[in-house]
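> I'm passing along coords-v9.pdb; it holds PDB, C-alpha atoms and all ligand atoms.
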ATOM      1  CA  MET A   1     146.952-146.806 -94.164
ATOM      2  CA  ILE A   2     144.337-147.876 -91.663
ATOM      3  CA  GLY A   3     141.858-149.469 -94.083
ATOM      4  CA  SER A   4     144.197-152.073 -95.570
ATOM      5  CA  ALA A   5     146.425-153.496 -92.878
ATOM      6  CA  PRO A   6     149.600-155.244 -94.074
ATOM      7  CA  ALA A   7     149.500-159.053 -93.868
ATOM      8  CA  ALA A   8     152.400-159.129 -91.421
ATOM      9  CA  LEU A   9     150.635-156.896 -88.915
ATOM     10  CA  ASN A  10     151.621-158.195 -85.516
ATOM     11  CA  ALA A  11     150.474-157.359 -82.010
ATOM     12  CA  ARG A  12     153.164-154.668 -81.624
ATOM     13  CA  HIS A  13     152.015-152.975 -84.842
ATOM     14  CA  VAL A  14     148.435-152.990 -83.650
ATOM     15  CA  GLU A  15     149.517-151.583 -80.282
ATOM     16  CA  ALA A  16     151.556-148.830 -81.979
ATOM     17  CA  LEU A  17     148.639-147.978 -84.255
ATOM     18  CA  LEU A  18     146.294-147.754 -81.276
ATOM     19  CA  GLU A  19     148.789-145.565 -79.395
ATOM     20  CA  PHE A  20     149.020-143.305 -82.426
ATOM     21  CA  LEU A  21     145.243-143.037 -82.775
ATOM     22  CA  GLN A  22     144.883-142.357 -79.069
ATOM     23  CA  ALA A  23     147.540-139.641 -79.130
ATOM     24  CA  ALA A  24     145.787-138.128 -82.149
ATOM     25  CA  GLY A  25     142.667-137.772 -80.051
ATOM     26  CA  VAL A  26     140.651-140.751 -81.294
ATOM     27  CA  ASP A  27     138.817-142.028 -78.245
ATOM     28  CA  ALA A  28     135.932-144.026 -79.637
ATOM     29  CA  PHE A  29     135.362-146.335 -82.542
ATOM     30  CA  ILE A  30     132.242-145.866 -84.558
ATOM     31  CA  ASP A  31     131.476-149.548 -84.804
ATOM     32  CA  ALA A  32     132.742-152.790 -83.307
ATOM     33  CA  ASP A  33     133.223-154.484 -86.686
ATOM     34  CA  PRO A  34     135.225-153.197 -89.651
ATOM     35  CA  VAL A  35     133.106-151.801 -92.457
ATOM     36  CA  ASP A  36     134.133-151.685 -96.128
ATOM     37  CA  ARG A  37     132.942-148.175 -96.962
ATOM     38  CA  PHE A  38     134.086-148.489-100.601
ATOM     39  CA  ALA A  39     131.842-151.513-101.209
ATOM     40  CA  GLN A  40     129.033-149.725 -99.415
ATOM     41  CA  SER A  41     129.365-146.602-101.565
ATOM     42  CA  GLU A  42     129.259-148.739-104.716
ATOM     43  CA  LEU A  43     126.102-150.448-103.499
ATOM     44  CA  GLU A  44     124.668-147.072-102.649
ATOM     45  CA  ALA A  45     125.481-145.717-106.117
ATOM     46  CA  ARG A  46     123.748-148.694-107.716
ATOM     47  CA  ARG A  47     120.628-148.299-105.581
ATOM     48  CA  PRO A  48     117.679-147.359-107.865
ATOM     49  CA  GLN A  49     116.729-143.691-107.599
ATOM     50  CA  SER A  50     113.091-144.735-106.997
ATOM     51  CA  ALA A  51     114.020-146.263-103.674
ATOM     52  CA  PRO A  52     114.763-143.185-101.576
ATOM     53  CA  SER A  53     116.788-143.552 -98.439
ATOM     54  CA  PRO A  54     114.876-143.089 -95.230
ATOM     55  CA  GLN A  55     114.569-139.427 -94.263
ATOM     56  CA  PRO A  56     115.856-138.413 -90.889
ATOM     57  CA  MET A  57     113.399-137.463 -88.188
ATOM     58  CA  PRO A  58     113.291-133.778 -87.443
ATOM     59  CA  GLY A  59     115.809-132.900 -84.788
ATOM     60  CA  THR A  60     118.090-135.852 -85.469
ATOM     61  CA  ALA A  61     121.619-135.454 -86.793
ATOM     62  CA  PRO A  62     121.927-135.202 -90.584
ATOM     63  CA  ALA A  63     122.840-138.634 -91.964
ATOM     64  CA  ARG A  64     126.277-138.970 -93.490
ATOM     65  CA  GLY A  65     126.004-141.644 -96.225
ATOM     66  CA  GLN A  66     122.410-142.453 -95.423
ATOM     67  CA  GLY A  67     121.651-146.115 -94.889
ATOM     68  CA  LEU A  68     125.287-146.665 -93.980
ATOM     69  CA  ALA A  69     125.316-144.721 -90.778
ATOM     70  CA  PRO A  70     126.535-146.558 -87.699
ATOM     71  CA  PRO A  71     124.053-147.260 -84.929
ATOM     72  CA  PRO A  72     123.081-144.063 -83.103
ATOM     73  CA  LEU A  73     125.212-143.213 -80.101
ATOM     74  CA  ASN A  74     122.127-142.848 -77.948
ATOM     75  CA  LEU A  75     123.200-139.427 -76.692
ATOM     76  CA  PRO A  76     120.451-137.609 -74.835
ATOM     77  CA  SER A  77     118.557-135.219 -77.068
ATOM     78  CA  LEU A  78     118.070-131.592 -76.053
ATOM     79  CA  SER A  79     114.481-132.329 -75.169
ATOM     80  CA  GLN A  80     115.405-135.139 -72.790
ATOM     81  CA  PRO A  81     116.025-134.283 -69.149
ATOM     82  CA  ARG A  82     119.669-133.586 -68.595
ATOM     83  CA  GLN A  83     121.518-136.088 -66.494
ATOM     84  CA  ALA A  84     123.848-134.253 -64.173
ATOM     85  CA  SER A  85     123.279-135.938 -60.908
ATOM     86  CA  VAL A  86     125.519-137.511 -58.360
ATOM     87  CA  ALA A  87     124.438-141.108 -58.670
ATOM     88  CA  PRO A  88     126.292-144.274 -57.770
ATOM     89  CA  GLN A  89     128.541-145.148 -60.671
ATOM     90  CA  SER A  90     127.629-148.374 -62.380
ATOM     91  CA  ALA A  91     130.232-150.879 -63.590
ATOM     92  CA  PRO A  92     132.424-149.407 -66.365
ATOM     93  CA  PRO A  93     130.803-149.814 -69.798
ATOM     94  CA  SER A  94     132.291-152.588 -71.886
ATOM     95  CA  SER A  95     133.130-150.471 -74.943
ATOM     96  CA  PRO A  96     133.783-146.809 -75.756
ATOM     97  CA  LEU A  97     130.512-146.801 -77.688
ATOM     98  CA  ALA A  98     128.624-148.128 -74.685
ATOM     99  CA  ALA A  99     130.464-145.612 -72.512
ATOM    100  CA  MET A 100     129.239-142.694 -74.604
ATOM    101  CA  SER A 101     125.620-143.659 -74.002
ATOM    102  CA  GLY A 102     125.958-142.237 -70.464
ATOM    103  CA  ALA A 103     127.042-138.841 -71.794
ATOM    104  CA  VAL A 104     125.406-135.709 -70.415
ATOM    105  CA  ILE A 105     125.060-132.258 -71.905
ATOM    106  CA  PRO A 106     127.632-130.077 -70.177
ATOM    107  CA  GLY A 107     125.746-127.027 -68.995
ATOM    108  CA  GLU A 108     124.505-125.047 -66.031
ATOM    109  CA  ASP A 109     122.762-128.103 -64.543
ATOM    110  CA  ALA A 110     126.052-129.964 -64.360
ATOM    111  CA  VAL A 111     127.836-126.988 -62.792
ATOM    112  CA  ARG A 112     125.029-126.572 -60.265
ATOM    113  CA  SER A 113     125.043-130.234 -59.294
ATOM    114  CA  ALA A 114     128.857-130.131 -58.995
ATOM    115  CA  ARG A 115     128.571-127.183 -56.616
ATOM    116  CA  GLU A 116     125.952-128.943 -54.526
ATOM    117  CA  ALA A 117     127.897-132.209 -54.419
ATOM    118  CA  ALA A 118     131.178-130.503 -53.505
ATOM    119  CA  ARG A 119     129.522-128.452 -50.769
ATOM    120  CA  THR A 120     128.193-131.552 -49.032
ATOM    121  CA  ALA A 121     131.657-133.118 -48.669
ATOM    122  CA  ALA A 122     132.898-132.579 -45.133
ATOM    123  CA  THR A 123     136.196-134.439 -45.549
ATOM    124  CA  LEU A 124     138.620-135.235 -48.368
ATOM    125  CA  GLU A 125     137.458-138.833 -48.355
ATOM    126  CA  GLU A 126     133.853-137.708 -48.765
ATOM    127  CA  LEU A 127     134.928-135.405 -51.567
ATOM    128  CA  ARG A 128     136.713-138.260 -53.326
ATOM    129  CA  ALA A 129     133.562-140.383 -52.979
ATOM    130  CA  CYS A 130     131.431-137.526 -54.345
ATOM    131  CA  LEU A 131     133.673-137.208 -57.370
ATOM    132  CA  ALA A 132     133.697-140.951 -57.945
ATOM    133  CA  ALA A 133     129.895-140.897 -58.032
ATOM    134  CA  PHE A 134     129.565-137.663 -60.020
ATOM    135  CA  GLN A 135     128.268-138.163 -63.552
ATOM    136  CA  GLY A 136     128.003-134.539 -64.653
ATOM    137  CA  CYS A 137     131.370-134.478 -66.432
ATOM    138  CA  ASN A 138     131.671-136.680 -69.501
ATOM    139  CA  LEU A 139     135.421-137.119 -69.004
ATOM    140  CA  HIS A 140     134.714-139.863 -66.474
ATOM    141  CA  LEU A 141     133.293-141.928 -69.343
ATOM    142  CA  THR A 142     136.578-142.170 -71.209
ATOM    143  CA  ALA A 143     139.054-142.014 -68.329
ATOM    144  CA  LYS A 144     140.295-145.170 -66.639
ATOM    145  CA  SER A 145     140.714-143.569 -63.224
ATOM    146  CA  LEU A 146     139.672-140.739 -61.039
ATOM    147  CA  VAL A 147     142.955-138.937 -60.315
ATOM    148  CA  PHE A 148     142.109-137.338 -56.994
ATOM    149  CA  ALA A 149     145.374-136.427 -55.266
ATOM    150  CA  ASP A 150     148.762-137.494 -54.037
ATOM    151  CA  GLY A 151     150.902-136.439 -51.121
ATOM    152  CA  ASN A 152     150.165-135.338 -47.610
ATOM    153  CA  PRO A 153     146.769-133.725 -46.907
ATOM    154  CA  ALA A 154     148.312-132.108 -43.816
ATOM    155  CA  ALA A 155     151.076-130.457 -45.865
ATOM    156  CA  ARG A 156     151.622-126.687 -45.803
ATOM    157  CA  ILE A 157     151.870-126.570 -49.588
ATOM    158  CA  MET A 158     149.295-127.607 -52.156
ATOM    159  CA  LEU A 159     150.170-127.736 -55.857
ATOM    160  CA  VAL A 160     147.437-127.727 -58.481
ATOM    161  CA  GLY A 161     147.925-128.837 -62.087
ATOM    162  CA  GLU A 162     145.537-128.837 -65.014
ATOM    163  CA  ALA A 163     144.441-132.414 -65.766
ATOM    164  CA  PRO A 164     145.947-135.893 -65.703
ATOM    165  CA  GLY A 165     147.748-137.452 -68.647
ATOM    166  CA  SER A 166     147.981-141.097 -69.641
ATOM    167  CA  GLU A 167     150.383-142.250 -66.889
ATOM    168  CA  GLU A 168     148.263-140.507 -64.282
ATOM    169  CA  ASP A 169     145.152-142.113 -65.742
ATOM    170  CA  ALA A 170     146.814-145.533 -65.609
ATOM    171  CA  THR A 171     147.953-145.155 -61.985
ATOM    172  CA  GLY A 172     145.254-142.900 -60.534
ATOM    173  CA  LEU A 173     147.932-140.503 -59.187
ATOM    174  CA  PRO A 174     148.711-136.949 -60.334
ATOM    175  CA  PHE A 175     152.055-135.996 -61.851
ATOM    176  CA  VAL A 176     153.663-139.406 -62.194
ATOM    177  CA  GLY A 177     154.696-139.121 -65.859
ATOM    178  CA  ARG A 178     157.647-137.191 -67.314
ATOM    179  CA  SER A 179     156.441-133.830 -66.070
ATOM    180  CA  GLY A 180     155.783-135.361 -62.655
ATOM    181  CA  LYS A 181     159.371-136.622 -62.488
ATOM    182  CA  LEU A 182     160.580-133.100 -63.233
ATOM    183  CA  LEU A 183     158.241-131.714 -60.583
ATOM    184  CA  ASP A 184     159.693-134.177 -58.052
ATOM    185  CA  ARG A 185     163.219-132.932 -58.888
ATOM    186  CA  MET A 186     162.138-129.304 -58.544
ATOM    187  CA  LEU A 187     160.585-130.051 -55.170
ATOM    188  CA  ALA A 188     163.682-131.953 -54.056
ATOM    189  CA  ALA A 189     165.772-128.877 -54.912
ATOM    190  CA  ILE A 190     163.951-126.964 -52.152
ATOM    191  CA  LYS A 191     163.972-129.971 -49.821
ATOM    192  CA  LEU A 192     160.379-131.022 -50.387
ATOM    193  CA  ASP A 193     158.862-134.264 -51.540
ATOM    194  CA  ARG A 194     155.461-135.915 -51.747
ATOM    195  CA  SER A 195     155.360-136.380 -48.003
ATOM    196  CA  SER A 196     155.592-132.611 -47.512
ATOM    197  CA  VAL A 197     153.261-131.412 -50.297
ATOM    198  CA  TYR A 198     149.756-132.225 -51.490
ATOM    199  CA  ILE A 199     149.126-132.412 -55.253
ATOM    200  CA  ALA A 200     145.861-132.320 -57.209
ATOM    201  CA  ASN A 201     144.482-131.131 -60.543
ATOM    202  CA  VAL A 202     141.659-128.803 -61.553
ATOM    203  CA  VAL A 203     140.192-131.601 -63.676
ATOM    204  CA  PRO A 204     140.517-135.045 -62.082
ATOM    205  CA  TRP A 205     139.903-137.141 -65.211
ATOM    206  CA  ARG A 206     142.178-137.482 -68.206
ATOM    207  CA  PRO A 207     140.761-135.774 -71.297
ATOM    208  CA  PRO A 208     140.880-138.231 -74.223
ATOM    209  CA  GLY A 209     144.085-138.049 -76.235
ATOM    210  CA  ASN A 210     145.471-135.591 -73.630
ATOM    211  CA  ARG A 211     143.543-132.754 -75.191
ATOM    212  CA  THR A 212     143.019-129.554 -73.217
ATOM    213  CA  PRO A 213     139.903-129.709 -71.044
ATOM    214  CA  THR A 214     137.077-127.661 -72.536
ATOM    215  CA  PRO A 215     135.959-124.522 -70.660
ATOM    216  CA  GLN A 216     132.747-126.356 -69.719
ATOM    217  CA  GLU A 217     134.660-129.339 -68.325
ATOM    218  CA  THR A 218     136.837-126.985 -66.287
ATOM    219  CA  GLU A 219     133.806-125.094 -65.029
ATOM    220  CA  ILE A 220     132.060-128.313 -64.011
ATOM    221  CA  CYS A 221     135.134-129.589 -62.141
ATOM    222  CA  ARG A 222     136.011-126.259 -60.490
ATOM    223  CA  PRO A 223     133.724-126.572 -57.426
ATOM    224  CA  PHE A 224     135.434-129.853 -56.531
ATOM    225  CA  ILE A 225     138.989-128.508 -56.631
ATOM    226  CA  ALA A 226     137.835-125.372 -54.797
ATOM    227  CA  ARG A 227     136.386-127.567 -52.040
ATOM    228  CA  GLN A 228     139.558-129.706 -52.045
ATOM    229  CA  ILE A 229     141.644-126.559 -51.427
ATOM    230  CA  GLU A 230     139.269-125.508 -48.653
ATOM    231  CA  LEU A 231     139.508-128.914 -46.975
ATOM    232  CA  VAL A 232     143.305-129.171 -47.252
ATOM    233  CA  ASP A 233     143.587-125.533 -46.135
ATOM    234  CA  PRO A 234     147.285-125.153 -47.025
ATOM    235  CA  ASP A 235     149.484-122.195 -46.065
ATOM    236  CA  VAL A 236     150.595-121.793 -49.663
ATOM    237  CA  LEU A 237     149.041-122.695 -53.003
ATOM    238  CA  VAL A 238     151.086-123.235 -56.158
ATOM    239  CA  PHE A 239     149.347-123.101 -59.530
ATOM    240  CA  LEU A 240     151.250-125.225 -62.007
ATOM    241  CA  GLY A 241     150.667-123.457 -65.306
ATOM    242  CA  ALA A 242     148.262-120.855 -66.590
ATOM    243  CA  ALA A 243     145.266-123.167 -66.884
ATOM    244  CA  SER A 244     145.191-123.902 -63.183
ATOM    245  CA  ALA A 245     145.869-120.267 -62.173
ATOM    246  CA  LYS A 246     143.193-118.961 -64.513
ATOM    247  CA  ALA A 247     140.593-121.551 -63.518
ATOM    248  CA  LEU A 248     141.055-120.859 -59.821
ATOM    249  CA  THR A 249     141.638-117.104 -59.696
ATOM    250  CA  GLY A 250     139.769-115.927 -62.769
ATOM    251  CA  ALA A 251     142.984-114.201 -63.906
ATOM    252  CA  THR A 252     143.224-113.429 -67.591
ATOM    253  CA  ASP A 253     146.947-112.626 -67.840
ATOM    254  CA  GLY A 254     149.270-115.047 -69.554
ATOM    255  CA  ILE A 255     151.578-117.193 -67.440
ATOM    256  CA  ARG A 256     154.633-115.090 -68.356
ATOM    257  CA  LYS A 257     153.045-112.122 -66.659
ATOM    258  CA  MET A 258     151.420-114.045 -63.834
ATOM    259  CA  ARG A 259     154.262-116.292 -62.702
ATOM    260  CA  GLY A 260     156.361-115.378 -59.705
ATOM    261  CA  ARG A 261     153.845-112.838 -58.356
ATOM    262  CA  TRP A 262     152.280-113.526 -54.997
ATOM    263  CA  MET A 263     148.527-113.242 -54.903
ATOM    264  CA  ASP A 264     145.718-114.157 -52.531
ATOM    265  CA  TYR A 265     143.432-117.084 -53.191
ATOM    266  CA  ASP A 266     140.147-116.481 -51.402
ATOM    267  CA  THR A 267     138.399-119.661 -50.252
ATOM    268  CA  GLY A 268     135.461-117.618 -48.980
ATOM    269  CA  ARG A 269     136.578-118.307 -45.425
ATOM    270  CA  ARG A 270     140.139-117.097 -45.596
ATOM    271  CA  LYS A 271     142.835-115.935 -47.972
ATOM    272  CA  ILE A 272     145.676-118.257 -48.882
ATOM    273  CA  ARG A 273     148.979-117.018 -50.313
ATOM    274  CA  ALA A 274     149.300-118.282 -53.846
ATOM    275  CA  ILE A 275     151.857-118.198 -56.615
ATOM    276  CA  ALA A 276     151.736-119.364 -60.224
ATOM    277  CA  THR A 277     154.703-120.922 -61.959
ATOM    278  CA  TYR A 278     155.405-122.657 -65.235
ATOM    279  CA  HIS A 279     153.885-126.077 -65.750
ATOM    280  CA  PRO A 280     156.610-128.767 -65.672
ATOM    281  CA  ALA A 281     155.420-130.043 -69.085
ATOM    282  CA  TYR A 282     156.191-126.587 -70.499
ATOM    283  CA  LEU A 283     159.608-126.644 -68.820
ATOM    284  CA  LEU A 284     160.364-129.956 -70.520
ATOM    285  CA  ARG A 285     159.717-128.262 -73.858
ATOM    286  CA  SER A 286     161.408-124.968 -72.933
ATOM    287  CA  PRO A 287     164.284-125.841 -70.584
ATOM    288  CA  LEU A 288     165.647-122.270 -70.637
ATOM    289  CA  GLU A 289     162.618-121.174 -68.633
ATOM    290  CA  LYS A 290     163.694-123.415 -65.760
ATOM    291  CA  ARG A 291     165.722-120.521 -64.347
ATOM    292  CA  LEU A 292     162.495-118.537 -63.846
ATOM    293  CA  ALA A 293     160.723-121.531 -62.330
ATOM    294  CA  TRP A 294     163.726-121.896 -60.032
ATOM    295  CA  ARG A 295     163.178-118.312 -58.845
ATOM    296  CA  ASP A 296     159.552-119.152 -58.098
ATOM    297  CA  PHE A 297     160.580-122.193 -56.105
ATOM    298  CA  LEU A 298     163.132-120.142 -54.142
ATOM    299  CA  ALA A 299     160.388-117.614 -53.355
ATOM    300  CA  LEU A 300     158.251-120.498 -52.186
ATOM    301  CA  ARG A 301     161.024-121.772 -49.922
ATOM    302  CA  LYS A 302     161.477-118.306 -48.457
ATOM    303  CA  VAL A 303     157.775-117.942 -47.648
ATOM    304  CA  LEU A 304     157.772-121.335 -45.960
ATOM    305  CA  ALA A 305     160.807-120.383 -43.861
ATOM    306  CA  ASP A 306     159.265-117.071 -42.697
TER
HETATM  307  N1  LIG B 401     149.837-132.518 -66.079
HETATM  308  C1  LIG B 401     148.955-132.058 -65.176
HETATM  309  O1  LIG B 401     148.527-130.898 -65.239
HETATM  310  N2  LIG B 401     148.572-132.886 -64.204
HETATM  311  C2  LIG B 401     149.030-134.130 -64.084
HETATM  312  O2  LIG B 401     148.625-134.824 -63.157
HETATM  313  C3  LIG B 401     149.950-134.587 -65.040
HETATM  314  C4  LIG B 401     150.343-133.769 -66.028
END
Reformat the file's structure so that it appears as structure tokens.


Amino acid sequence: MIGSAPAALNARHVEALLEFLQAAGVDAFIDADPVDRFAQSELEARRPQSAPSPQPMPGTAPARGQGLAPPPLNLPSLSQPRQASVAPQSAPPSSPLAAMSGAVIPGEDAVRSAREAARTAATLEELRACLAAFQGCNLHLTAKSLVFADGNPAARIMLVGEAPGSEEDATGLPFVGRSGKLLDRMLAAIKLDRSSVYIANVVPWRPPGNRTPTPQETEICRPFIARQIELVDPDVLVFLGAASAKALTGATDGIRKMRGRWMDYDTGRRKIRAIATYHPAYLLRSPLEKRLAWRDFLALRKVLAD
């Protein structure tokens, strides 16, 4: 029980509890100090009826347990101008609560400013700098790192995953956790490694608690990965999992139907041969499917040898 911690709670317990909460998707605490909600409800119940609680202003969120609500998160209201600009990033906020105060409303403005920012990047380094300064996607508020890419930008093959997980967030490199280790073994099986491939993700920031990126987050990040593909200009693109294939090709089929089929990815300037395969994280959960992924990797090897 979270509210009444056992007396013998040690640092390891606290760490385990935090890991659990993080994995469950908790990414912000409501308040810096613990609050005894039971005592507060009793006080509230004893409050004379003649002393009404303050009424919320029109347009503000309905108060849960009025008078007890935590300080407002200071999110921009719908009437405030939306912040979706590429501005130099300030020092990281000192707490998750402070971090949330920079949140923007994910919408068309953010997508438009992402498109404009991505278009101006003439090199991968410029694109990385653009992303580092981009404030139109709220995921940057909770992520530790921008996970831009790993591998060789001059490689003939580019692999694109969905979004970083916790190990990637900690290191700033894509596919370094368990699924990344499997990916490395799959690449080694066709005589490739990180010096002969380039790896990136559709979404370059870890979604809190490893949740799936929302459609808006994906849409906002899409111009950047599209520009990254254009700048790397590989001979072959590999979509790791349905999310990446769908985000980049607009396909609606499931991965079972899509995988192993060659398609064209159109950058607007040229068409790149592309193939979708199972995401390594899925293969860790469904090892029997590795035989199909193996077929995809053999097809990839064949295309590279042609
Ligand atoms: N899964 C992804 O899609 N990307 C990573 O970088 C790690 C795990």

> What's the separation between CA of Val202 (chain A) and atom N2 of ligand LIG 401 (chain B), in Å to one decimal place?

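The value is 8.5 Å.
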
> Out of A:Leu173, A:Val160, A:Val14, A:Val203, which residue has the shortest atom-to-atom distance to Glu219 (chain A) when counting only C-alpha atoms?

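Looking only at the distances to Glu219 (chain A), the closest residue turns out to be A:Val203.
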
> Residues contacting ligand LIG 401 (chain B) - anything with an atom at most 6 Å away, using all atoms listed in the file - can you give me those as number ranges by chain?

A: 161-165, 168, 174-175, 201

> Which distance in Å separates CA of Tyr198 (chain A) and CA of Arg178 (chain A), to one decimal?

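Interatomic distance here is 18.4 Å.
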
> Here's the selection I'm unsure about, the PyMOL selection byres (((chain A and resi 180-193) around 8) and not hetatm); applied to the file above, which residues does it give, as a list in words?

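Checking the PyMOL selection byres (((chain A and resi 180-193) around 8) and not hetatm) against this file, the residues are Pro174, Phe175, Val176, Gly177, Arg178, Ser179, Arg194, Ser195, Ser196, Val197, Pro280, Leu284, Trp294, Phe297, Leu298 and Arg301 of chain A.
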
> In Å, with one decimal, what is the gap from CA of Ala293 (chain A) to CA of Ala251 (chain A)?

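Atom-to-atom, CA of Ala293 (chain A) and CA of Ala251 (chain A) are spaced 19.3 Å apart.
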
> I need the residue nearest Ala118 (chain A) from this list: A:Leu248, A:Leu159, A:Ala276, A:Cys130. Use all atoms listed in the file for the distance.

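Nearest candidate to Ala118 (chain A) out of A:Leu248, A:Leu159, A:Ala276, A:Cys130: A:Cys130.
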
> Give me, as a PyMOL selection string, all polymer residues having an atom no more than 7 Å from Asp235 (chain A), counting all atoms listed in the file and skipping those fewer than 3 positions away in the same chain.

chain A and resi 156-157+272-273

> Regenerate region 150-157 of chain A at the level of all heavy atoms and dump it as an mmCIF file, in the frame of the given file.


data_model
loop_
_atom_site.group_PDB
_atom_site.id
_atom_site.type_symbol
_atom_site.label_atom_id
_atom_site.label_comp_id
_atom_site.auth_asym_id
_atom_site.auth_seq_id
_atom_site.Cartn_x
_atom_site.Cartn_y
_atom_site.Cartn_z
ATOM 1 N N ASP A 150 147.644 -136.748 -54.596
ATOM 2 C CA ASP A 150 148.762 -137.494 -54.037
ATOM 3 C C ASP A 150 149.409 -136.609 -52.978
ATOM 4 O O ASP A 150 149.210 -135.390 -52.980
ATOM 5 C CB ASP A 150 149.774 -137.848 -55.140
ATOM 6 C CG ASP A 150 150.785 -138.886 -54.677
ATOM 7 O OD1 ASP A 150 150.508 -139.583 -53.665
ATOM 8 O OD2 ASP A 150 151.844 -139.022 -55.306
ATOM 9 N N GLY A 151 150.171 -137.224 -52.113
ATOM 10 C CA GLY A 151 150.902 -136.439 -51.121
ATOM 11 C C GLY A 151 150.220 -136.423 -49.773
ATOM 12 O O GLY A 151 149.397 -137.280 -49.472
ATOM 13 N N ASN A 152 150.580 -135.409 -49.019
ATOM 14 C CA ASN A 152 150.165 -135.338 -47.610
ATOM 15 C C ASN A 152 149.067 -134.277 -47.422
ATOM 16 O O ASN A 152 149.333 -133.086 -47.578
ATOM 17 C CB ASN A 152 151.426 -134.978 -46.795
ATOM 18 C CG ASN A 152 151.145 -134.910 -45.318
ATOM 19 O OD1 ASN A 152 149.992 -135.024 -44.882
ATOM 20 N ND2 ASN A 152 152.192 -134.717 -44.537
ATOM 21 N N PRO A 153 147.861 -134.701 -47.070
ATOM 22 C CA PRO A 153 146.769 -133.725 -46.907
ATOM 23 C C PRO A 153 147.023 -132.732 -45.771
ATOM 24 O O PRO A 153 146.374 -131.692 -45.714
ATOM 25 C CB PRO A 153 145.540 -134.588 -46.585
ATOM 26 C CG PRO A 153 145.954 -135.992 -46.760
ATOM 27 C CD PRO A 153 147.442 -136.074 -46.809
ATOM 28 N N ALA A 154 148.001 -133.042 -44.904
ATOM 29 C CA ALA A 154 148.312 -132.108 -43.816
ATOM 30 C C ALA A 154 149.473 -131.184 -44.195
ATOM 31 O O ALA A 154 149.943 -130.402 -43.361
ATOM 32 C CB ALA A 154 148.665 -132.886 -42.557
ATOM 33 N N ALA A 155 149.913 -131.257 -45.441
ATOM 34 C CA ALA A 155 151.076 -130.457 -45.865
ATOM 35 C C ALA A 155 150.756 -128.967 -45.849
ATOM 36 O O ALA A 155 149.603 -128.563 -45.970
ATOM 37 C CB ALA A 155 151.505 -130.875 -47.267
ATOM 38 N N ARG A 156 151.818 -128.150 -45.763
ATOM 39 C CA ARG A 156 151.622 -126.687 -45.803
ATOM 40 C C ARG A 156 151.492 -126.184 -47.239
ATOM 41 O O ARG A 156 151.070 -125.057 -47.460
ATOM 42 C CB ARG A 156 152.813 -125.996 -45.138
ATOM 43 C CG ARG A 156 152.887 -126.253 -43.633
ATOM 44 C CD ARG A 156 154.067 -125.492 -43.039
ATOM 45 N NE ARG A 156 153.892 -124.046 -43.181
ATOM 46 C CZ ARG A 156 154.899 -123.176 -43.172
ATOM 47 N NH1 ARG A 156 156.131 -123.581 -43.053
ATOM 48 N NH2 ARG A 156 154.659 -121.871 -43.299
ATOM 49 N N ILE A 157 151.905 -127.008 -48.185
ATOM 50 C CA ILE A 157 151.870 -126.570 -49.588
ATOM 51 C C ILE A 157 150.959 -127.466 -50.405
ATOM 52 O O ILE A 157 151.047 -128.697 -50.338
ATOM 53 C CB ILE A 157 153.262 -126.682 -50.231
ATOM 54 C CG1 ILE A 157 154.268 -125.944 -49.385
ATOM 55 C CG2 ILE A 157 153.263 -126.128 -51.650
ATOM 56 C CD1 ILE A 157 155.656 -126.192 -49.855
#
